[in-house]
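Okay, so here's the structure we're looking at.
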Amino acid sequence: MSSIMKVFLLLAVMVCISKAQHRQTGQQCLCQRVRNKITSMSDIKDVQIYQATIFCDKVEIVVTNNNGLRYCLNPKLKAVQKLMASIMKPKTSTTVGPTEPSSTTDFGSPDQ
């Protein structure tokens, strides 16, 4: 077989393998099943959000509870979206900065 034929055959095999892998997109997701409710907000220890990639074509939300168990949440649910919004919103400072004294009373200066 000539070397040109070998190159074309190799290219054809590579294209077939590439097409087969492309059809399996989404098969390597972490979440095979998702929960459709949040059991207890106080039981949540950690939340990890995985964006869609070439290996998994959907957003995945993995929750770890205080017992160390991990499960996936359905990102399309309103309760899950509210949870994500509360986690993602910027924290506002609750501390009060230094202020000027409001008293205008002059206690006397050493020059008097």
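Note on naming: chains are A, B, ... as they come in the structure tokens, residues start from 1 per chain, ligands start from 1 in the order shown.
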Q.
Which residues are close to Ser40 of chain A, i.e. within 12 Å by only C-alpha atoms, leaving aside same-chain residues fewer than 2 positions away? Reply as a PyMOL selection string.
A. chain A and resi 37-38+42-45+63-66+79-80+83
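The space between atom CA of Leu9 of chain A and atom CA of Gln28 of chain A spans 29.0 Å.
You can rank A:Val34, A:Met41, A:Ile54, A:Gln48 by their closest distance to Leu77 of chain A using only C-alpha atoms, and at the top of that list sits A:Val34.
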Q) A:Gln81, A:Asn74, A:Ser86, A:Thr53: which is nearest Arg33 of chain A, counting only C-alpha atoms? A)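 The shortest atom-to-atom distance to Arg33 of chain A comes from A:Asn74.
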(Q) Need the shell around Pro75 of chain A: protein/DNA/RNA residues with any atom at most 9 Å away, counting only C-alpha atoms. Skip same-chain ones fewer than 6 positions apart. Format as a VMD selection string? (A) chain A and resid 34 36 59 to 61 81 84
Q.
Report, in Å with one decimal, the straight-line distance from atom CA of Gly68 of chain A to atom CA of Ala85 of chain A.
A. 23.4 Å
